[in-house]
file target.txt (compact mmCIF, C-alpha atoms)
# COMPACT_ATOMS: atom_id res chain seq x y z
CA MET A 1 98.25 4.94 94.11
CA GLN A 2 100.00 7.98 95.55
CA ALA A 3 100.98 11.15 93.69
CA PHE A 4 102.67 14.40 94.70
CA VAL A 5 100.59 17.30 93.39
CA ARG A 6 100.19 21.06 93.38
CA ASN A 7 97.42 23.63 93.01
CA GLY A 8 98.25 27.29 93.55
CA ASN A 9 100.35 27.60 96.69
CA ILE A 10 99.62 24.15 98.07
CA LEU A 11 101.59 20.98 97.49
CA GLY A 12 100.71 17.62 98.91
CA ASP A 13 100.09 13.93 98.58
CA LEU A 14 97.12 12.60 96.68
CA PHE A 15 96.01 9.07 97.57
CA LEU A 16 93.90 7.41 94.90
CA PRO A 17 91.83 4.25 95.41
CA GLU A 18 91.74 1.37 92.98
CA ARG A 19 89.17 2.19 90.30
CA ASP A 20 86.94 -0.74 91.20
CA ARG A 21 86.89 0.38 94.85
CA ALA A 22 86.41 4.13 94.34
CA ASN A 23 83.28 5.43 96.07
CA GLY A 24 83.22 8.86 94.42
CA VAL A 25 84.03 10.76 97.61
CA GLY A 26 86.98 13.14 97.72
CA ILE A 27 88.45 14.19 101.06
CA VAL A 28 90.57 17.27 101.75
CA TRP A 29 92.43 16.67 105.01
CA CYS A 30 92.97 19.75 107.24
CA PRO A 31 95.46 18.89 110.01
CA GLY A 32 95.96 20.44 113.41
CA LEU A 33 99.02 22.28 114.71
CA PRO A 34 101.83 21.48 114.76
CA ASN A 35 101.63 18.75 112.16
CA THR A 36 103.56 16.43 109.88
CA PRO A 37 103.37 16.41 106.06
CA THR A 38 101.02 13.42 106.08
CA ALA A 39 98.88 11.61 108.64
CA GLU A 40 99.54 8.02 107.64
CA ASP A 41 96.48 6.57 109.33
CA MET A 42 94.25 9.00 107.42
CA SER A 43 95.78 8.37 103.99
CA SER A 44 96.20 4.79 102.76
CA PRO A 45 93.48 3.38 105.07
CA LEU A 46 90.93 5.79 103.62
CA SER A 47 92.05 5.35 100.01
CA ASN A 48 91.94 1.57 100.51
CA ALA A 49 88.35 2.05 101.65
CA GLY A 50 87.52 3.83 98.38
CA PHE A 51 88.08 7.51 99.21
CA THR A 52 90.20 9.91 97.15
CA VAL A 53 92.30 11.71 99.76
CA LEU A 54 94.32 14.90 99.42
CA GLN A 55 96.76 15.69 102.19
CA ALA A 56 98.09 19.09 101.17
CA ARG A 57 100.31 21.31 103.28
CA TYR A 58 98.87 24.65 104.32
CA PRO A 59 100.33 27.60 102.38
CA GLY A 60 103.61 28.65 103.94
CA SER A 61 104.17 25.27 105.59
CA TRP A 62 106.41 22.36 104.67
CA GLN A 63 106.78 22.24 100.85
CA SER A 64 103.92 24.64 100.08
CA TYR A 65 104.47 28.22 98.92
CA GLY A 66 103.23 31.51 100.34
CA LYS A 67 102.89 32.48 103.98
CA PHE A 68 101.34 30.51 106.80
CA GLY A 69 98.46 31.95 108.78
CA PRO A 70 94.76 31.61 109.63
CA SER A 71 93.38 33.11 106.41
CA SER A 72 95.88 31.35 104.15
CA SER A 73 94.99 28.04 105.82
CA ILE A 74 91.41 28.53 104.64
CA GLU A 75 92.66 29.46 101.17
CA GLY A 76 94.73 26.27 101.15
CA ALA A 77 91.71 24.14 101.98
CA ILE A 78 89.75 25.75 99.15
CA GLN A 79 92.65 25.19 96.74
CA GLY A 80 92.52 21.55 97.78
CA LEU A 81 88.83 21.39 96.92
CA GLU A 82 89.54 23.04 93.58
CA LEU A 83 92.19 20.45 92.80
CA LEU A 84 89.97 17.46 93.63
CA SER A 85 87.11 18.93 91.60
CA LYS A 86 89.28 18.98 88.45
CA GLY A 87 89.58 15.20 88.21
CA SER A 88 93.14 15.23 86.87
CA THR A 89 96.54 16.79 87.48
CA ILE A 90 100.26 16.22 86.99
CA ASP A 91 102.16 13.99 89.39
CA LEU A 92 105.17 16.21 90.12
CA SER A 93 107.36 13.23 90.94
CA THR A 94 106.80 11.41 87.63
CA GLU A 95 105.46 14.26 85.40
CA GLU A 96 102.63 11.92 84.36
CA ILE A 97 98.93 12.72 84.35
CA VAL A 98 96.86 11.17 87.13
CA GLU A 99 93.08 11.03 86.95
CA TRP A 100 90.22 10.30 89.35
CA SER A 101 86.46 10.70 89.56
CA VAL A 102 84.60 12.21 92.49
CA ASN A 103 81.02 13.39 92.80
CA ARG A 104 81.16 14.61 96.40
CA LEU A 105 83.81 16.59 98.28
CA VAL A 106 84.25 16.50 102.04
CA LEU A 107 86.47 18.65 104.25
CA VAL A 108 87.86 16.66 107.17
CA GLY A 109 89.62 18.61 109.90
CA ASN A 110 91.17 17.94 113.28
CA SER A 111 91.71 20.54 116.05
CA TYR A 112 93.01 23.73 114.32
CA GLY A 113 92.15 21.96 111.06
CA GLY A 114 88.58 21.59 112.29
CA ALA A 115 88.27 25.36 112.36
CA VAL A 116 89.83 25.55 108.89
CA ALA A 117 87.38 22.97 107.53
CA ALA A 118 84.36 24.72 109.06
CA CYS A 119 85.33 28.14 107.72
CA ALA A 120 86.24 26.80 104.28
CA LEU A 121 82.82 25.12 104.14
CA ALA A 122 81.23 28.47 105.01
CA VAL A 123 82.97 30.54 102.35
CA SER A 124 83.09 28.00 99.49
CA ASP A 125 80.38 26.04 97.70
CA LEU A 126 82.82 23.41 96.44
CA ALA A 127 82.50 21.15 99.49
CA ASP A 128 79.33 19.18 100.11
CA SER A 129 80.01 18.68 103.80
CA ALA A 130 82.60 18.66 106.58
CA VAL A 131 83.62 16.27 109.33
CA LEU A 132 85.21 18.01 112.32
CA PHE A 133 87.13 16.10 115.00
CA CYS A 134 87.76 17.80 118.36
CA PRO A 135 87.65 21.12 116.45
CA LEU A 136 88.94 24.49 117.63
CA LEU A 137 85.63 26.28 117.14
CA GLU A 138 85.92 29.07 119.71
CA PRO A 139 89.51 30.35 119.76
CA ALA A 140 88.50 33.46 121.70
CA GLN A 141 86.89 31.31 124.42
CA GLN A 142 89.82 28.96 124.94
CA ASN A 143 90.52 28.65 128.69
CA ALA A 144 87.53 30.83 129.51
CA GLU A 145 86.32 28.28 132.08
CA LEU A 146 88.82 28.40 134.95
CA THR A 147 87.61 25.10 136.37
CA GLU A 148 88.29 23.31 133.07
CA PRO A 149 91.79 24.32 131.95
CA GLU A 150 92.85 23.52 128.38
CA SER A 151 95.74 24.27 126.05
CA ASP A 152 96.98 27.85 126.05
CA LEU A 153 96.76 29.10 122.47
CA THR A 154 98.79 32.21 123.30
CA THR A 155 101.94 30.06 123.48
CA LEU A 156 101.46 28.38 120.10
CA LEU A 157 102.85 31.16 117.92
CA SER A 158 106.05 31.48 119.94
CA TYR A 159 106.45 27.69 119.79
CA LEU A 160 106.05 27.62 116.00
CA LYS A 161 108.56 30.45 115.58
CA ARG A 162 111.03 29.03 118.07
CA CYS A 163 110.90 25.35 117.17
CA GLN A 164 109.53 25.17 113.61
CA GLU A 165 110.36 28.49 112.00
CA ASN A 166 111.32 26.81 108.71
CA VAL A 167 108.17 24.69 108.69
CA PHE A 168 105.58 27.43 109.34
CA ARG A 169 106.90 30.51 107.58
CA HIS A 170 106.18 34.25 107.36
CA ILE A 171 103.51 34.28 110.07
CA ASP A 172 101.90 37.69 110.53
CA GLU A 173 101.77 38.25 114.28
CA ASN A 174 98.93 40.78 114.02
CA GLU A 175 96.80 38.34 112.03
CA TRP A 176 97.57 35.60 114.52
CA ASN A 177 96.46 37.82 117.41
CA GLU A 178 93.23 38.58 115.56
CA PHE A 179 92.67 34.83 115.28
CA LEU A 180 93.14 34.42 119.05
CA VAL A 181 90.51 37.06 119.85
CA GLY A 182 88.04 35.77 117.27
CA SER A 183 88.24 38.65 114.80
CA SER A 184 89.89 36.85 111.87
CA LEU A 185 88.30 34.96 108.99
CA LEU A 186 89.28 31.77 110.83
CA ASN A 187 86.54 32.07 113.45
CA PRO A 188 83.72 29.54 113.00
CA PRO A 189 81.16 31.35 115.24
CA SER A 190 81.22 34.33 112.87
CA HIS A 191 80.07 32.00 110.07
CA ILE A 192 77.06 30.53 111.90
CA SER A 193 74.52 32.05 109.49
CA LYS A 194 76.32 30.45 106.51
CA LEU A 195 76.91 27.11 108.22
CA VAL A 196 73.42 26.60 109.59
CA ASN A 197 72.24 24.86 106.41
CA ARG A 198 75.52 23.12 105.58
CA LYS A 199 76.03 19.45 106.28
CA MET A 200 78.50 18.86 109.14
CA LEU A 201 79.40 16.07 111.50
CA LEU A 202 80.84 17.41 114.76
CA ILE A 203 82.75 14.85 116.84
CA HIS A 204 84.37 15.50 120.20
CA GLY A 205 85.76 13.30 122.95
CA LYS A 206 84.52 13.91 126.49
CA GLU A 207 88.03 13.35 127.85
CA ASP A 208 89.60 16.02 125.64
CA ASP A 209 91.47 18.48 127.87
CA THR A 210 93.28 20.18 124.96
CA ILE A 211 90.03 21.62 123.57
CA ARG A 212 87.07 20.92 125.83
CA SER A 213 84.00 19.35 124.29
CA TYR A 214 81.70 22.07 125.61
CA HIS A 215 82.98 24.38 122.83
CA THR A 216 81.66 22.01 120.17
CA GLU A 217 78.39 21.51 122.04
CA ARG A 218 77.92 25.27 122.35
CA PHE A 219 78.68 25.76 118.66
CA TYR A 220 76.11 23.11 117.76
CA ASN A 221 73.53 24.78 120.01
CA SER A 222 74.23 28.10 118.26
CA LEU A 223 73.37 26.44 114.96
CA ILE A 224 70.11 25.11 116.38
CA ALA A 225 69.24 28.53 117.78
CA GLU A 226 69.71 30.01 114.32
CA SER A 227 67.40 27.62 112.44
CA ASN A 228 64.99 24.73 112.84
CA ASP A 229 66.47 23.05 109.78
CA VAL A 230 70.04 22.41 110.92
CA LYS A 231 71.96 19.91 108.79
CA ALA A 232 74.71 19.36 111.36
CA GLN A 233 74.97 16.39 113.70
CA LEU A 234 76.83 16.25 117.02
CA LEU A 235 78.55 13.22 118.50
CA VAL A 236 80.23 13.49 121.91
CA VAL A 237 82.14 10.30 122.68
CA ASP A 238 82.90 8.88 126.13
CA GLY A 239 86.46 7.86 126.91
CA VAL A 240 88.05 9.70 123.99
CA GLY A 241 90.60 12.51 124.27
CA HIS A 242 92.43 14.72 121.79
CA GLY A 243 94.72 13.53 119.02
CA LYS A 244 95.92 10.24 117.62
CA ASN A 245 93.86 8.04 119.91
CA ASN A 246 90.80 9.15 117.90
CA TYR A 247 91.95 7.86 114.52
CA VAL A 248 90.36 4.42 114.61
CA LEU A 249 87.09 6.02 115.63
CA ARG A 250 87.40 8.53 112.80
CA LEU A 251 87.88 5.93 110.12
CA GLY A 252 84.80 4.02 111.20
CA ILE A 253 82.61 7.12 111.37
CA ILE A 254 83.69 8.63 108.06
CA GLY A 255 83.18 5.33 106.28
CA SER A 256 79.78 4.64 107.77
CA THR A 257 78.05 8.01 107.33
CA GLY A 258 76.90 10.06 104.39
CA TYR A 259 79.35 12.80 105.22
call {"tool": "encode", "arguments": {"input": "target.txt", "output": "structure tokens"}}
result
Amino acid sequence: MQAFVRNGNILGDLFLPERDRANGVGIVWCPGLPNTPTAEDMSSPLSNAGFTVLQARYPGSWQSYGKFGPSSSIEGAIQGLELLSKGSTIDLSTEEIVEWSVNRLVLVGNSYGGAVAACALAVSDLADSAVLFCPLLEPAQQNAELTEPESDLTTLLSYLKRCQENVFRHIDENEWNEFLVGSSLLNPPSHISKLVNRKMLLIHGKEDDTIRSYHTERFYNSLIAESNDVKAQLLVVDGVGHGKNNYVLRLGIIGSTGY
């Protein structure tokens, strides 16, 4: 079953499993940039496997209200968690009540969404864990290694404004620049002390040249340096790059772990 739902500023699609297949796990999907309203291979396939999946648009993007930006993206993820924790809402398309039952909430993020998921996990107790795929964990260190070039984040804002100004709206340029230098709320390294005891699965492809895997490895090592009781796990995968070619791998991993 699929419903169109709202909580606060966020609107999105809620994919509900059949009751006899529901596994009690709710997933809030945090996409990368730019994005589409739904990632089809992360919606029905996961709900068919028993997961309750919310694919909400970040505030200020697509049908959602408010303004788009790093901090509001985190707020949107938390609003998604709040919605799933309620167990019922109104389907805006039919005006009927839809209900579900979850006992565990997981943030799942890709690329930019990986940073959103990590930071939302750090500042909210609603999520039990997070799964991060090729995450943008060190925005201030992007392209720091000259011998391993990767995507230039400084061009992303101009692209969003030039090509998708009606999709990602009211972006604060000063806040965006703070994000790029690692001084915004959306900066996972600044949350290390809060994340060290949170359950996370970090997955990165060795062939990723959009965001190099060494960022994720370094982030994981920072967690280990902080505590001997780290709950996170790291998986670096041979032959995998950045983006859609990871989806089959993602489905298998999410379904087979306790995350």
call {"tool": "closest_residue", "arguments": {"input": "target.txt", "among": "A:Leu33, A:Leu234, A:Ala140, A:Leu11", "to": "A:Val116", "atoms": "all atoms listed in the file"}}
result
A:Leu33
call {"tool": "residues_around", "arguments": {"input": "target.txt", "residues": "A:Gly26", "least_positions_apart": "5", "cutoff": "10 Å", "atoms": "all atoms listed in the file", "output": "list of chain:residue names"}}
result
A:Phe15, A:Leu16, A:Ser47, A:Gly50, A:Phe51, A:Thr52, A:Val53, A:Leu54, A:Leu81, A:Leu84, A:Ser85, A:Trp100, A:Ser101, A:Val102, A:Asn103, A:Arg104, A:Leu105, A:Val106, A:Leu107, A:Ala127
call {"tool": "closest_atom_pairs", "arguments": {"input": "target.txt", "of": "stretch 79-136 of chain A", "to": "stretch 198-205 of chain A", "cutoff": "9 Å", "atoms": "only C-alpha atoms", "output": "Markdown table"}}
result
| residue | atom | partner | partner_atom | distance |
| --- | --- | --- | --- | --- |
| A:Ala118 | CA | A:Met200 | CA | 8.3 |
| A:Leu121 | CA | A:Arg198 | CA | 7.7 |
| A:Ala122 | CA | A:Arg198 | CA | 7.8 |
| A:Asp128 | CA | A:Lys199 | CA | 7.0 |
| A:Ser129 | CA | A:Lys199 | CA | 4.8 |
| A:Ala130 | CA | A:Met200 | CA | 4.8 |
| A:Val131 | CA | A:Leu201 | CA | 4.7 |
| A:Leu132 | CA | A:Leu202 | CA | 5.0 |
| A:Phe133 | CA | A:Ile203 | CA | 4.9 |
| A:Cys134 | CA | A:His204 | CA | 4.5 |
| A:Pro135 | CA | A:His204 | CA | 7.5 |
call {"tool": "residues_near_point", "arguments": {"input": "target.txt", "point": "(94.3, 18.0, 130.8)", "cutoff": "12 Å", "atoms": "only C-alpha atoms", "output": "PyMOL selection string"}}
result
chain A and resi 143+147-152+206-212+241-242
call {"tool": "closest_residue", "arguments": {"input": "target.txt", "among": "A:Asp125, A:Asp91, A:Asp229, A:Asp238", "to": "A:Leu14", "atoms": "all atoms listed in the file"}}
result
A:Asp91
call {"tool": "residues_near_point", "arguments": {"input": "target.txt", "point": "(88.1, 37.4, 110.4)", "cutoff": "12 Å", "atoms": "all atoms listed in the file", "output": "MDAnalysis selection string"}}
result
chainID A and resid 69:72 74 119 123 139:140 174:191
call {"tool": "atom_distance", "arguments": {"input": "target.txt", "atom1": "atom CA of A:Leu160", "atom2": "atom CA of A:Leu137"}}
result
20.5 Å
call {"tool": "atom_distance", "arguments": {"input": "target.txt", "atom1": "atom CA of A:Glu138", "atom2": "atom CA of A:His215"}}
result
6.4 Å
call {"tool": "atom_distance", "arguments": {"input": "target.txt", "atom1": "atom CA of A:Pro17", "atom2": "atom CA of A:Gln63"}}
result
24.0 Å
call {"tool": "residues_around", "arguments": {"input": "target.txt", "residues": "A:Asn197", "least_positions_apart": "5", "cutoff": "9 Å", "atoms": "all atoms listed in the file", "output": "list of chain:residue names"}}
result
A:Leu223, A:Ser227, A:Asp229, A:Val230, A:Lys231, A:Ala232
call {"tool": "closest_residue", "arguments": {"input": "target.txt", "among": "A:Leu146, A:Val236, A:Cys30, A:Met1", "to": "A:Ser111", "atoms": "only C-alpha atoms"}}
result
A:Cys30
call {"tool": "axis_aligned_box", "arguments": {"input": "target.txt", "around": "stretch 193-197 of chain A", "padding_each_side": "6 Å", "output": "AutoDock Vina command-line options"}}
result
--center_x 74.6 --center_y 28.5 --center_z 108.0 --size_x 16.7 --size_y 19.2 --size_z 15.2
call {"tool": "closest_residue", "arguments": {"input": "target.txt", "among": "A:Thr94, A:Ser158, A:Pro37, A:Leu136", "to": "A:Glu217", "atoms": "all atoms listed in the file"}}
result
A:Leu136
call {"tool": "build_atoms", "arguments": {"input": "target.txt", "residues": "stretch 64-76 of chain A", "atoms": "N, CA, C and O atoms", "output": "PDB file, keeping the file's coordinate frame"}}
result
ATOM      1  N   SER A  64     104.819  23.695 100.744  1.00  0.00           N
ATOM      2  CA  SER A  64     103.920  24.640 100.080  1.00  0.00           C
ATOM      3  C   SER A  64     104.529  26.040 100.030  1.00  0.00           C
ATOM      4  O   SER A  64     105.438  26.379 100.781  1.00  0.00           O
ATOM      5  N   TYR A  65     103.998  26.852  99.119  1.00  0.00           N
ATOM      6  CA  TYR A  65     104.470  28.220  98.920  1.00  0.00           C
ATOM      7  C   TYR A  65     103.607  29.205  99.702  1.00  0.00           C
ATOM      8  O   TYR A  65     102.583  28.841 100.276  1.00  0.00           O
ATOM      9  N   GLY A  66     104.008  30.466  99.685  1.00  0.00           N
ATOM     10  CA  GLY A  66     103.230  31.510 100.340  1.00  0.00           C
ATOM     11  C   GLY A  66     103.581  31.667 101.805  1.00  0.00           C
ATOM     12  O   GLY A  66     104.645  31.259 102.260  1.00  0.00           O
ATOM     13  N   LYS A  67     102.664  32.262 102.552  1.00  0.00           N
ATOM     14  CA  LYS A  67     102.890  32.480 103.980  1.00  0.00           C
ATOM     15  C   LYS A  67     101.839  31.723 104.782  1.00  0.00           C
ATOM     16  O   LYS A  67     100.696  31.562 104.350  1.00  0.00           O
ATOM     17  N   PHE A  68     102.257  31.257 105.954  1.00  0.00           N
ATOM     18  CA  PHE A  68     101.340  30.510 106.800  1.00  0.00           C
ATOM     19  C   PHE A  68     100.555  31.466 107.704  1.00  0.00           C
ATOM     20  O   PHE A  68     101.101  32.430 108.241  1.00  0.00           O
ATOM     21  N   GLY A  69      99.288  31.163 107.878  1.00  0.00           N
ATOM     22  CA  GLY A  69      98.460  31.950 108.780  1.00  0.00           C
ATOM     23  C   GLY A  69      97.029  31.475 108.740  1.00  0.00           C
ATOM     24  O   GLY A  69      96.663  30.603 107.936  1.00  0.00           O
ATOM     25  N   PRO A  70      96.167  32.027 109.581  1.00  0.00           N
ATOM     26  CA  PRO A  70      94.760  31.610 109.630  1.00  0.00           C
ATOM     27  C   PRO A  70      94.025  31.753 108.296  1.00  0.00           C
ATOM     28  O   PRO A  70      93.368  30.816 107.844  1.00  0.00           O
ATOM     29  N   SER A  71      94.128  32.914 107.663  1.00  0.00           N
ATOM     30  CA  SER A  71      93.380  33.110 106.410  1.00  0.00           C
ATOM     31  C   SER A  71      93.963  32.279 105.281  1.00  0.00           C
ATOM     32  O   SER A  71      93.211  31.718 104.462  1.00  0.00           O
ATOM     33  N   SER A  72      95.296  32.154 105.220  1.00  0.00           N
ATOM     34  CA  SER A  72      95.880  31.350 104.150  1.00  0.00           C
ATOM     35  C   SER A  72      95.600  29.871 104.340  1.00  0.00           C
ATOM     36  O   SER A  72      95.570  29.109 103.368  1.00  0.00           O
ATOM     37  N   SER A  73      95.368  29.442 105.588  1.00  0.00           N
ATOM     38  CA  SER A  73      94.990  28.040 105.820  1.00  0.00           C
ATOM     39  C   SER A  73      93.643  27.745 105.173  1.00  0.00           C
ATOM     40  O   SER A  73      93.454  26.686 104.570  1.00  0.00           O
ATOM     41  N   ILE A  74      92.707  28.693 105.294  1.00  0.00           N
ATOM     42  CA  ILE A  74      91.410  28.530 104.640  1.00  0.00           C
ATOM     43  C   ILE A  74      91.577  28.510 103.120  1.00  0.00           C
ATOM     44  O   ILE A  74      90.983  27.678 102.422  1.00  0.00           O
ATOM     45  N   GLU A  75      92.402  29.415 102.611  1.00  0.00           N
ATOM     46  CA  GLU A  75      92.660  29.460 101.170  1.00  0.00           C
ATOM     47  C   GLU A  75      93.251  28.132 100.696  1.00  0.00           C
ATOM     48  O   GLU A  75      92.911  27.640  99.616  1.00  0.00           O
ATOM     49  N   GLY A  76      94.142  27.547 101.514  1.00  0.00           N
ATOM     50  CA  GLY A  76      94.730  26.270 101.150  1.00  0.00           C
ATOM     51  C   GLY A  76      93.707  25.162 101.065  1.00  0.00           C
ATOM     52  O   GLY A  76      93.756  24.316 100.166  1.00  0.00           O
TER      53      GLY A  76
END
